[in-house]
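Trainee: So here's query_13.txt, just compact mmCIF, C-alpha atoms and all ligand atoms:
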# COMPACT_ATOMS: atom_id res chain seq x y z
CA MET J 20 0.30 32.76 7.59
CA GLY J 21 -3.48 32.88 8.26
CA SER J 22 -4.88 35.09 11.05
CA GLY J 23 -6.79 32.20 12.73
CA PRO J 24 -5.87 30.29 15.93
CA PRO J 25 -2.68 28.11 16.05
CA SER J 26 -2.67 25.14 13.67
CA PHE J 27 -3.63 21.66 14.79
CA PHE J 28 -1.05 20.37 12.32
CA GLY J 29 2.06 21.88 13.92
CA GLY J 30 3.23 18.43 14.99
CA VAL J 31 3.05 16.92 11.52
CA THR J 32 6.48 16.65 9.99
CA TYR J 33 7.14 16.64 6.27
CA THR J 34 7.16 13.17 4.71
CA PRO J 35 9.40 12.89 1.65
CA PRO J 36 7.57 11.79 -1.52
CA ASP J 37 7.77 8.20 -2.76
CA ALA J 38 11.06 7.91 -4.66
CA ILE J 39 9.80 5.91 -7.66
CA PHE J 40 6.72 8.06 -8.29
CA GLU J 41 8.94 11.17 -7.97
CA LEU J 42 11.35 9.71 -10.52
CA THR J 43 8.50 9.20 -13.00
CA LYS J 44 7.44 12.80 -12.42
CA THR J 45 10.94 14.06 -13.21
CA TYR J 46 11.10 11.74 -16.23
CA ASN J 47 7.75 13.04 -17.55
CA ALA J 48 8.96 16.63 -17.22
CA ASP J 49 12.22 15.90 -19.12
CA PRO J 50 11.87 17.23 -22.70
CA ASP J 51 14.91 15.29 -24.03
CA ILE J 52 13.91 12.83 -26.76
CA ARG J 53 16.52 10.28 -25.69
CA LYS J 54 14.95 9.84 -22.25
CA VAL J 55 14.37 6.32 -20.96
CA ASN J 56 12.31 5.42 -17.87
CA LEU J 57 13.71 2.34 -16.16
CA GLY J 58 12.24 3.29 -12.80
CA GLN J 59 8.59 2.37 -12.61
CA GLY J 60 7.65 -1.30 -12.99
CA THR J 61 4.97 -0.98 -15.60
CA TYR J 62 5.05 -3.01 -18.80
CA LYS J 63 5.58 -1.08 -22.03
CA ASP J 64 5.34 -2.40 -25.59
CA GLU J 65 8.22 -2.40 -28.09
CA ASN J 66 7.51 1.25 -28.89
CA GLY J 67 7.70 2.25 -25.26
CA ASN J 68 3.94 2.74 -24.95
CA PRO J 69 1.53 1.31 -22.36
CA TRP J 70 -0.01 -1.90 -23.67
CA ILE J 71 -3.72 -2.53 -23.48
CA LEU J 72 -3.89 -6.31 -23.63
CA PRO J 73 -6.05 -7.60 -26.51
CA ALA J 74 -7.74 -9.90 -23.96
CA VAL J 75 -8.64 -6.87 -21.87
CA GLN J 76 -9.96 -5.04 -24.95
CA ALA J 77 -12.23 -8.00 -25.70
CA ALA J 78 -13.41 -8.19 -22.07
CA LYS J 79 -14.21 -4.45 -22.08
CA GLU J 80 -16.47 -4.97 -25.08
CA LYS J 81 -18.32 -7.65 -23.14
CA ILE J 82 -18.96 -5.56 -20.05
CA LYS J 83 -19.85 -2.28 -21.68
CA GLU J 84 -23.51 -2.52 -20.68
CA ALA J 85 -22.72 -3.05 -16.97
CA ASN J 86 -24.46 -0.71 -14.53
CA HIS J 87 -22.84 1.47 -11.88
CA GLU J 88 -24.39 0.02 -8.72
CA TYR J 89 -22.39 -0.80 -5.61
CA LEU J 90 -20.70 -4.19 -5.50
CA PRO J 91 -21.18 -6.42 -2.43
CA ILE J 92 -18.78 -5.64 0.44
CA LEU J 93 -16.48 -8.56 -0.37
CA GLY J 94 -16.47 -7.66 -4.06
CA LEU J 95 -17.77 -9.12 -7.30
CA GLY J 96 -18.69 -12.75 -6.62
CA SER J 97 -17.67 -14.11 -10.04
CA PHE J 98 -14.35 -12.27 -9.81
CA ARG J 99 -13.57 -13.77 -6.39
CA THR J 100 -14.46 -17.29 -7.48
CA LEU J 101 -12.53 -17.14 -10.75
CA ALA J 102 -9.49 -15.40 -9.27
CA THR J 103 -9.37 -17.92 -6.41
CA GLU J 104 -9.48 -20.84 -8.85
CA LEU J 105 -6.84 -19.14 -10.97
CA VAL J 106 -4.32 -18.90 -8.14
CA PHE J 107 -4.90 -22.14 -6.29
CA GLY J 108 -6.07 -24.24 -9.25
CA LYS J 109 -9.65 -25.36 -9.79
CA ALA J 110 -8.88 -28.84 -8.47
CA SER J 111 -7.20 -27.53 -5.32
CA SER J 112 -8.38 -29.27 -2.16
CA ALA J 113 -8.64 -25.88 -0.44
CA VAL J 114 -10.98 -24.64 -3.17
CA GLN J 115 -13.00 -27.87 -3.29
CA GLU J 116 -13.39 -27.98 0.50
CA ARG J 117 -14.35 -24.30 0.71
CA ARG J 118 -11.33 -23.42 2.79
CA VAL J 119 -10.45 -20.18 0.98
CA ALA J 120 -11.76 -16.91 2.42
CA SER J 121 -11.39 -13.99 0.05
CA CYS J 122 -12.23 -10.40 -0.61
CA GLN J 123 -11.65 -8.10 -3.54
CA ALA J 124 -8.96 -5.54 -2.73
CA LEU J 125 -7.46 -2.36 -4.12
CA SER J 126 -4.84 -4.12 -6.25
CA GLY J 127 -1.80 -5.79 -4.69
CA THR J 128 -1.10 -2.97 -2.26
CA GLY J 129 -4.66 -2.92 -0.95
CA ALA J 130 -4.59 -6.70 -0.61
CA LEU J 131 -1.39 -6.52 1.45
CA HIS J 132 -2.92 -3.90 3.70
CA VAL J 133 -6.14 -5.89 4.27
CA ALA J 134 -4.07 -9.03 4.85
CA GLY J 135 -1.97 -7.14 7.39
CA LYS J 136 -5.10 -5.94 9.20
CA MET J 137 -6.55 -9.45 9.19
CA LEU J 138 -3.35 -10.97 10.58
CA TYR J 139 -3.18 -8.27 13.21
CA LYS J 140 -6.63 -9.38 14.38
CA ALA J 141 -5.56 -13.02 14.30
CA LEU J 142 -2.05 -12.82 15.74
CA GLY J 143 -1.72 -9.53 17.61
CA ARG J 144 0.72 -6.64 17.62
CA LYS J 145 3.73 -8.50 18.98
CA THR J 146 4.00 -10.65 15.87
CA THR J 147 7.10 -9.95 13.79
CA VAL J 148 6.71 -9.58 10.04
CA TYR J 149 9.76 -10.80 8.13
CA ILE J 150 10.52 -9.25 4.76
CA THR J 151 13.42 -9.86 2.41
CA LYS J 152 16.37 -7.48 2.18
CA PRO J 153 16.02 -5.91 -0.28
CA SER J 154 12.29 -5.95 -0.91
CA TRP J 155 9.62 -3.92 -2.62
CA SER J 156 9.90 -0.50 -0.98
CA ASN J 157 6.30 -0.49 0.21
CA HIS J 158 6.41 -3.72 2.24
CA ARG J 159 7.93 -2.24 5.36
CA GLN J 160 5.61 0.74 5.54
CA VAL J 161 2.46 -1.26 4.80
CA PHE J 162 3.07 -3.65 7.71
CA GLU J 163 4.41 -0.97 10.06
CA SER J 164 1.34 1.13 9.35
CA VAL J 165 -0.79 -1.81 10.52
CA GLY J 166 1.22 -1.89 13.77
CA PHE J 167 3.61 -4.83 13.33
CA PRO J 168 7.36 -4.75 13.98
CA VAL J 169 9.08 -5.50 10.65
CA GLN J 170 12.39 -7.29 10.37
CA GLU J 171 14.50 -7.78 7.24
CA PHE J 172 16.66 -10.75 6.36
CA VAL J 173 19.37 -11.04 3.71
CA TYR J 174 17.71 -12.60 0.69
CA SER J 175 20.29 -12.92 -2.04
CA SER J 176 23.96 -12.39 -2.56
CA ASP J 177 26.49 -12.12 -5.36
CA SER J 178 28.40 -15.09 -3.98
CA THR J 179 25.38 -17.40 -4.22
CA ASN J 180 24.37 -15.81 -7.53
CA GLY J 181 20.77 -16.17 -6.45
CA VAL J 182 18.82 -16.70 -3.25
CA ASP J 183 21.01 -16.93 -0.16
CA MET J 184 19.47 -20.09 1.25
CA SER J 185 21.64 -20.25 4.34
CA SER J 186 20.53 -16.77 5.42
CA PHE J 187 16.93 -17.57 4.47
CA LEU J 188 16.72 -20.85 6.37
CA LYS J 189 18.59 -19.51 9.40
CA THR J 190 16.10 -16.64 9.63
CA LEU J 191 13.18 -19.06 9.54
CA LYS J 192 14.75 -21.35 12.12
CA ASP J 193 15.40 -18.42 14.50
CA ALA J 194 11.95 -16.83 14.04
CA ALA J 195 9.37 -17.17 16.82
CA PRO J 196 6.42 -19.44 15.96
CA LYS J 197 3.49 -17.54 14.42
CA SER J 198 5.76 -14.91 12.89
CA ILE J 199 4.63 -13.72 9.48
CA LEU J 200 6.87 -14.32 6.47
CA VAL J 201 6.24 -12.18 3.40
CA LEU J 202 7.20 -14.18 0.32
CA HIS J 203 7.38 -12.94 -3.27
CA ALA J 204 5.48 -15.70 -5.10
CA SER J 205 7.45 -15.08 -8.30
CA ALA J 206 9.67 -12.42 -9.91
CA HIS J 207 11.23 -11.09 -6.73
CA ASN J 208 11.23 -7.30 -6.65
CA PRO J 209 13.89 -5.92 -6.85
CA THR J 210 16.49 -8.68 -7.26
CA GLY J 211 14.88 -10.86 -9.95
CA TRP J 212 16.14 -13.94 -8.07
CA ASP J 213 13.45 -16.51 -7.29
CA PRO J 214 13.93 -19.70 -5.29
CA THR J 215 14.04 -22.80 -7.50
CA PRO J 216 11.25 -25.36 -6.94
CA GLU J 217 13.68 -27.36 -4.78
CA GLN J 218 14.50 -24.28 -2.73
CA TRP J 219 10.80 -23.49 -2.30
CA LYS J 220 10.31 -27.00 -0.95
CA ALA J 221 13.12 -26.53 1.56
CA ILE J 222 11.69 -23.16 2.62
CA GLY J 223 8.21 -24.69 2.99
CA VAL J 224 9.44 -27.50 5.21
CA VAL J 225 11.00 -25.05 7.69
CA VAL J 226 7.97 -22.74 7.54
CA LYS J 227 5.87 -25.74 8.57
CA GLU J 228 8.30 -26.94 11.24
CA ARG J 229 8.59 -23.49 12.80
CA GLN J 230 4.84 -22.79 12.49
CA LEU J 231 5.36 -19.54 10.60
CA PHE J 232 2.62 -17.87 8.60
CA PRO J 233 3.47 -17.52 4.89
CA LEU J 234 1.96 -14.47 3.22
CA PHE J 235 2.50 -14.54 -0.54
CA ASP J 236 2.79 -11.26 -2.39
CA ALA J 237 1.62 -12.40 -5.82
CA ALA J 238 2.03 -9.28 -7.95
CA TYR J 239 3.66 -10.92 -10.98
CA LEU J 240 2.00 -14.31 -11.50
CA GLY J 241 1.85 -15.13 -15.19
CA MET J 242 4.23 -12.31 -16.10
CA THR J 243 7.28 -14.20 -14.88
CA SER J 244 7.39 -17.30 -17.06
CA GLY J 245 4.33 -16.58 -19.20
CA ASP J 246 2.61 -19.59 -17.59
CA TYR J 247 0.31 -18.77 -14.67
CA ASP J 248 0.30 -22.29 -13.22
CA LYS J 249 4.08 -22.47 -13.25
CA ASP J 250 4.41 -19.10 -11.52
CA ALA J 251 1.91 -20.20 -8.84
CA PHE J 252 4.07 -23.24 -7.97
CA ALA J 253 5.15 -22.10 -4.50
CA ILE J 254 1.65 -21.11 -3.39
CA ARG J 255 0.18 -24.41 -4.56
CA TYR J 256 3.01 -26.45 -3.09
CA PHE J 257 2.54 -24.86 0.33
CA VAL J 258 -1.23 -25.38 0.25
CA GLU J 259 -1.53 -28.78 -1.41
CA GLU J 260 1.65 -30.65 -0.54
CA LEU J 261 2.42 -29.14 2.86
CA SER J 262 -1.22 -28.51 3.91
CA LEU J 263 -0.28 -25.09 5.22
CA GLU J 264 -2.53 -22.16 5.93
CA VAL J 265 -1.41 -19.25 3.74
CA GLY J 266 -2.37 -15.75 2.72
CA VAL J 267 -2.19 -14.56 -0.88
CA CYS J 268 -2.21 -10.94 -2.04
CA LEU J 269 -2.97 -10.99 -5.71
CA SER J 270 -2.70 -8.13 -8.18
CA PHE J 271 -4.00 -7.84 -11.73
CA ALA J 272 -2.05 -4.63 -12.34
CA LYS J 273 0.82 -6.32 -14.11
CA SER J 274 -0.66 -9.56 -15.39
CA MET J 275 -3.58 -7.84 -17.13
CA GLY J 276 -2.07 -4.37 -17.46
CA LEU J 277 -4.82 -3.03 -15.17
CA TYR J 278 -2.57 -0.64 -13.27
CA GLY J 279 -5.07 2.14 -12.72
CA GLU J 280 -8.11 -0.01 -12.09
CA ARG J 281 -6.79 -1.20 -8.72
CA VAL J 282 -8.09 -4.72 -8.85
CA GLY J 283 -6.73 -7.43 -6.60
CA LEU J 284 -7.70 -10.24 -4.30
CA CYS J 285 -6.82 -10.96 -0.67
CA ALA J 286 -7.24 -14.67 0.09
CA PHE J 287 -6.61 -16.81 3.15
CA VAL J 288 -6.55 -20.59 3.18
CA SER J 289 -7.57 -22.06 6.55
CA GLN J 290 -7.60 -25.62 7.85
CA THR J 291 -11.38 -25.76 8.25
CA SER J 292 -14.41 -24.30 6.52
CA THR J 293 -15.57 -22.98 9.92
CA ALA J 294 -12.37 -20.94 10.30
CA THR J 295 -12.77 -19.79 6.69
CA GLU J 296 -16.26 -18.51 7.39
CA ALA J 297 -14.98 -16.55 10.38
CA VAL J 298 -12.04 -15.11 8.43
CA GLU J 299 -14.32 -14.04 5.59
CA SER J 300 -16.69 -12.33 8.02
CA ALA J 301 -13.74 -10.43 9.49
CA LEU J 302 -12.54 -9.46 6.00
CA ALA J 303 -16.02 -8.10 5.27
CA GLN J 304 -15.85 -5.89 8.32
CA LEU J 305 -12.38 -4.61 7.41
CA ILE J 306 -13.54 -3.71 3.90
CA ARG J 307 -16.74 -2.08 5.15
CA VAL J 308 -14.75 0.16 7.48
CA GLU J 309 -12.12 1.08 4.94
CA ILE J 310 -13.85 1.44 1.57
CA SER J 311 -17.37 0.10 2.18
CA ASN J 312 -17.20 -1.89 -1.06
CA PRO J 313 -14.60 -2.14 -3.82
CA PRO J 314 -14.57 -0.57 -7.30
CA ALA J 315 -16.40 -2.55 -9.99
CA PHE J 316 -14.78 -1.83 -13.35
CA GLY J 317 -11.49 -3.72 -13.04
CA ALA J 318 -13.12 -6.69 -11.32
CA ARG J 319 -15.65 -6.97 -14.14
CA ILE J 320 -12.85 -6.95 -16.72
CA VAL J 321 -10.90 -9.67 -14.90
CA ALA J 322 -14.02 -11.81 -14.48
CA ALA J 323 -14.88 -11.40 -18.18
CA VAL J 324 -11.35 -12.48 -19.19
CA LEU J 325 -11.35 -15.51 -16.92
CA ALA J 326 -14.93 -16.65 -17.64
CA ASP J 327 -14.72 -16.72 -21.43
CA GLU J 328 -12.69 -19.57 -22.90
CA GLU J 329 -11.58 -17.64 -25.98
CA ILE J 330 -10.66 -14.46 -24.14
CA ARG J 331 -8.85 -16.47 -21.53
CA ALA J 332 -6.81 -18.22 -24.24
CA GLU J 333 -5.99 -14.79 -25.69
CA TRP J 334 -4.84 -13.66 -22.23
CA ALA J 335 -2.55 -16.71 -21.99
CA ARG J 336 -0.96 -15.58 -25.28
CA ASN J 337 -0.68 -12.01 -23.99
CA LEU J 338 1.22 -13.24 -20.92
CA VAL J 339 3.67 -15.02 -23.20
CA THR J 340 4.09 -11.85 -25.28
CA MET J 341 4.93 -9.78 -22.20
CA SER J 342 7.23 -12.29 -20.52
CA SER J 343 9.07 -13.08 -23.77
CA ARG J 344 9.62 -9.43 -24.59
CA ILE J 345 11.08 -8.87 -21.13
CA ALA J 346 13.33 -11.95 -21.49
CA GLU J 347 14.47 -10.73 -24.92
CA MET J 348 15.34 -7.30 -23.54
CA ARG J 349 17.32 -8.94 -20.74
CA TRP J 350 19.36 -10.68 -23.45
CA GLN J 351 19.79 -7.53 -25.50
CA LEU J 352 21.06 -5.54 -22.53
CA TYR J 353 23.43 -8.34 -21.60
CA GLU J 354 24.65 -8.66 -25.20
CA GLY J 355 25.19 -4.91 -25.44
CA LEU J 356 27.30 -4.75 -22.28
CA ASN J 357 29.13 -7.95 -23.12
CA GLN J 358 30.08 -6.75 -26.59
CA LEU J 359 31.37 -3.48 -25.19
CA GLY J 360 33.42 -5.40 -22.62
CA THR J 361 31.89 -3.25 -19.89
CA PRO J 362 33.56 -4.08 -16.55
CA GLY J 363 31.12 -6.09 -14.39
CA ASP J 364 29.32 -9.40 -14.20
CA TRP J 365 26.33 -9.04 -16.53
CA LYS J 366 25.37 -12.64 -17.20
CA ARG J 367 22.99 -12.56 -14.27
CA ILE J 368 20.75 -10.08 -16.11
CA THR J 369 19.66 -13.03 -18.24
CA GLU J 370 19.41 -15.44 -15.32
CA GLN J 371 17.10 -13.31 -13.22
CA LYS J 372 13.33 -13.38 -13.65
CA GLY J 373 10.60 -10.84 -14.08
CA MET J 374 10.51 -7.14 -14.55
CA PHE J 375 13.50 -6.07 -12.44
CA CYS J 376 17.19 -6.45 -11.94
CA ILE J 377 19.79 -4.57 -9.94
CA LEU J 378 22.75 -3.47 -12.05
CA GLY J 379 25.09 -2.85 -9.12
CA LEU J 380 25.90 0.78 -10.03
CA THR J 381 26.79 3.39 -7.42
CA PRO J 382 24.31 6.18 -6.61
CA ASP J 383 26.74 8.60 -8.34
CA GLN J 384 26.68 6.53 -11.51
CA VAL J 385 22.86 6.37 -11.35
CA LEU J 386 22.74 10.15 -11.02
CA HIS J 387 25.21 10.57 -13.88
CA LEU J 388 23.04 8.42 -16.16
CA GLN J 389 20.06 10.59 -15.30
CA LYS J 390 21.74 13.98 -15.62
CA GLU J 391 23.95 13.28 -18.64
CA HIS J 392 22.04 10.66 -20.59
CA HIS J 393 18.40 11.07 -19.44
CA ILE J 394 18.24 7.45 -18.31
CA TYR J 395 16.14 7.15 -15.15
CA MET J 396 16.46 4.31 -12.65
CA ALA J 397 16.04 3.83 -8.90
CA GLU J 398 18.94 4.98 -6.73
CA SER J 399 19.76 1.34 -5.94
CA SER J 400 20.34 0.88 -9.72
CA ARG J 401 17.28 -1.34 -9.87
CA VAL J 402 16.04 -1.21 -13.45
CA SER J 403 12.66 -2.10 -14.86
CA ILE J 404 13.53 -4.18 -17.91
CA ALA J 405 10.10 -3.48 -19.42
CA GLY J 406 11.25 0.09 -20.09
CA LEU J 407 13.77 -1.23 -22.64
CA ASN J 408 12.99 -1.80 -26.30
CA TRP J 409 14.82 -2.33 -29.59
CA SER J 410 15.31 1.38 -30.16
CA ASN J 411 16.76 2.29 -26.75
CA VAL J 412 18.54 -0.80 -25.45
CA LYS J 413 21.79 -0.14 -27.31
CA TYR J 414 21.79 3.48 -26.17
CA VAL J 415 21.28 2.33 -22.56
CA ALA J 416 24.13 -0.20 -22.82
CA ASP J 417 26.46 2.42 -24.37
CA CYS J 418 25.64 4.96 -21.65
CA ILE J 419 26.11 2.42 -18.84
CA ASP J 420 29.46 1.54 -20.39
CA THR J 421 30.75 5.12 -20.61
CA THR J 422 29.43 5.88 -17.12
CA ILE J 423 31.18 2.89 -15.56
CA ARG J 424 34.43 3.68 -17.35
CA GLY J 425 34.16 7.24 -16.00
C1 LIG J 501 6.39 -6.85 -5.11
C2 LIG J 501 5.19 -6.00 -5.35
N1 LIG J 501 4.11 -6.20 -4.61
C3 LIG J 501 3.00 -5.48 -4.77
C4 LIG J 501 2.94 -4.51 -5.73
C5 LIG J 501 1.64 -3.78 -5.80
O1 LIG J 501 1.22 -3.32 -6.97
P1 LIG J 501 -0.29 -2.84 -7.18
O2 LIG J 501 -0.78 -2.29 -5.89
O3 LIG J 501 -0.19 -1.84 -8.25
O4 LIG J 501 -1.03 -4.07 -7.58
C6 LIG J 501 4.05 -4.23 -6.53
C7 LIG J 501 4.06 -3.14 -7.51
O5 LIG J 501 5.03 -2.68 -8.03
C8 LIG J 501 5.20 -5.02 -6.34
O6 LIG J 501 6.31 -4.84 -7.07
Would you mind writing the file's structure down as structure tokens?
Mentor:
Amino acid sequence: MGSGPPSFFGGVTYTPPDAIFELTKTYNADPDIRKVNLGQGTYKDENGNPWILPAVQAAKEKIKEANHEYLPILGLGSFRTLATELVFGKASSAVQERRVASCQALSGTGALHVAGKMLYKALGRKTTVYITKPSWSNHRQVFESVGFPVQEFVYSSDSTNGVDMSSFLKTLKDAAPKSILVLHASAHNPTGWDPTPEQWKAIGVVVKERQLFPLFDAAYLGMTSGDYDKDAFAIRYFVEELSLEVGVCLSFAKSMGLYGERVGLCAFVSQTSTATEAVESALAQLIRVEISNPPAFGARIVAAVLADEEIRAEWARNLVTMSSRIAEMRWQLYEGLNQLGTPGDWKRITEQKGMFCILGLTPDQVLHLQKEHHIYMAESSRVSIAGLNWSNVKYVADCIDTTIRG
């Protein structure tokens, strides 16, 4: 203890570390060569290594002469324009009529935080934010940190083998008008169950009827099916067909493999260009207060990918490579467990979408896999499929089998 006056920090209690980042730390420290990291949702190639997308390599070549000046407060102009057109579609009425306010943000998380702050200004502290149960572990704390009450609703169930529409629609019907609804645009984290287009339409109709505000968390667009337009279906349907105001929190961490560059977009569609101008001015103030202006490198890469026809075509191929490898690994894991006759219903591994699925193991079984077999996954038995490859998937299936059989 120091010999100075009493600490100002006596009232600060210890906050446990983030579980997934801790798991990666433990995994990194594990010297066992069999170790497999199925915790963190970062794409790995078939050798288990991080993948620098060829499109990103090409874009980096293009921007290597860029200077190191500050960007404008709202971010790199070309990035904002191109990213906005990417999500909503170039022909979108909202884009054409200048009804999209946007700012560059610190990846998907930063975009969610700015969106939360913006909505707090617009709707006030009594507004409830609805999130799915389960959801990405950061959703609750991001919106609570902004000052909103957060409420969960049951999202999926084994009996529906997908989205639990009756729970979903009941929640929307019971919600107070102007409540905020956080929607995973595609590749729901952690369940891997996405609404079908028909289900999205039904959700949209009630969102409109009840005057709720849809905020899309768009962390996996392009990675889910390999086709960006297809993955953006729900966002575009809400904006174009239902004429709704929406928020979109876009990340390029997964879709371009730019995890560490922290490049994302926060966008709001409004009914009028006057409202859009006001929203954008408020976004500028939020960014100025928080980070003054965003980092340039990642935004320049994204803009270079999207602006160049050839590089953009390469990126489209890269998205197919990533999404197909994930789909293949889903099949391999399913096949492995199926062939072993492992007790459980594994077919859904192949039916779910995106990076994650929940295996339905107990916390004890999860711990056993970690301690005995060096296989790391979240306590909920959520696994990141991208951590699987041809050389470890059979080992993982074998270990799950022996663990379940006790
Ligand atoms: C559902 C969801 N939203 C947002 C994010 C944010 O990611 P980032 O801040 O790295 O873009 C993630 C990352 O895992 C996620 O799974």
Trainee: Show me a table, sorted first by chain and then by increasing residue number, of the residues of chain J having an atom at most 6 Å from ligand LIG 501 (chain J), each with its shortest atom pair and the distance in Å to one decimal, counting all atoms listed in the file and written as JSON lines.
Mentor:
{"residue": "J:Gly60", "atom": "CA", "partner": "J:LIG501", "partner_atom": "O5", "distance": 5.8}
{"residue": "J:Ser126", "atom": "CA", "partner": "J:LIG501", "partner_atom": "O4", "distance": 4.0}
{"residue": "J:Gly127", "atom": "CA", "partner": "J:LIG501", "partner_atom": "O4", "distance": 3.5}
{"residue": "J:Thr128", "atom": "CA", "partner": "J:LIG501", "partner_atom": "O2", "distance": 3.7}
{"residue": "J:Trp155", "atom": "CA", "partner": "J:LIG501", "partner_atom": "C1", "distance": 5.0}
{"residue": "J:Asn208", "atom": "CA", "partner": "J:LIG501", "partner_atom": "C1", "distance": 5.1}
{"residue": "J:Asp236", "atom": "CA", "partner": "J:LIG501", "partner_atom": "N1", "distance": 5.7}
{"residue": "J:Ala238", "atom": "CA", "partner": "J:LIG501", "partner_atom": "N1", "distance": 5.0}
{"residue": "J:Ser270", "atom": "CA", "partner": "J:LIG501", "partner_atom": "O4", "distance": 4.4}
{"residue": "J:Ala272", "atom": "CA", "partner": "J:LIG501", "partner_atom": "O4", "distance": 4.9}
{"residue": "J:Tyr278", "atom": "CA", "partner": "J:LIG501", "partner_atom": "O3", "distance": 5.7}
Trainee: At most 8 Å from (-12.4, -24.4, 1.7), file frame, only C-alpha atoms: which residues, as an MDAnalysis selection string?
Mentor: chainID J and resid 112:120 288:292 295
Trainee: Please determine, counting only C-alpha atoms, which residue among J:Leu131, J:Pro73, J:Pro216, J:Tyr239 has the shortest atom-to-atom distance to J:Ala335.
Mentor: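 Closest to J:Ala335, using only C-alpha atoms: J:Pro73.
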Trainee: Just checking: using only C-alpha atoms, which residue out of J:Gln76, J:Gln123, J:Thr340, J:Ser156 ends up closest to J:Asn312?
Mentor: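 Ranked by minimum distance to J:Asn312, first place goes to J:Gln123.
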Trainee: Could you list, as a list in words, every residue within 12 Å of J:Gly363, counting only C-alpha atoms and ignoring same-chain residues fewer than 4 positions away?
Mentor: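 So, after excluding close chain neighbours, the residues are Asp177, Tyr353, Leu356, Asn357, Leu359, Arg367, Ile368, Leu378, Gly379, Leu380, Ile419, Asp420, Ile423 and Arg424 of chain J.
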Trainee: One decimal, in Å: what's the spacing between atom CA of J:Leu105 and atom CA of J:Ala297?
Mentor: 23.0 Å
Trainee: Counting only C-alpha atoms, which of J:Gly373, J:Pro91, J:Pro362, J:Pro36 gets nearest to J:Arg349?
Mentor: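 For J:Arg349, the nearest of the candidates is J:Gly373.
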Trainee: Pick out the closest residue to J:Val402 from this set: J:Asn47, J:Thr210, J:Ser205, J:Thr151. Count all atoms listed in the file.
Mentor: J:Thr210
Trainee: Using only C-alpha atoms, can you tell me which of J:Cys268, J:Ile222, J:Leu338, J:Leu191 comes closest to J:Ser244?
Mentor: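 Nearest to J:Ser244: J:Leu338.
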Trainee: Using all atoms listed in the file, pick whichever of J:Lys220, J:Lys140, J:Lys83, J:Lys273 has the shortest atom-to-atom distance to J:Tyr256.
Mentor: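 Looking at the shortest contact to J:Tyr256, the residue is J:Lys220.
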Trainee: When you look at J:Gln160 with a cut-off of 12 Å (counting all atoms listed in the file), what residues show up, excluding the ones that are within fewer than 4 positions of it in the same chain? I need them as a list in words.
Mentor: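 Listed by chain and then number, they are Asp37, Thr128, Leu131, His132, Gly135, Val148, Ile150, Ser154, Trp155, Ser156, Ser164, Val165, Gly166, Phe167, Pro168, Val169 and Gln170 of chain J.
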Trainee: Please list as a VMD selection string every residue within 12 Å of J:Tyr247, counting all atoms listed in the file and excluding residues in the same chain fewer than 2 positions away.
Mentor: chain J and resid 102 104 to 108 204 to 205 237 to 245 249 to 255 274 to 275 331 to 332 334 to 339 342
Trainee: Quick one: pull the distance between atom CA of J:Arg401 and atom CA of J:Leu284, Å, one decimal.
Mentor: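 These atoms are spaced 27.1 Å apart.
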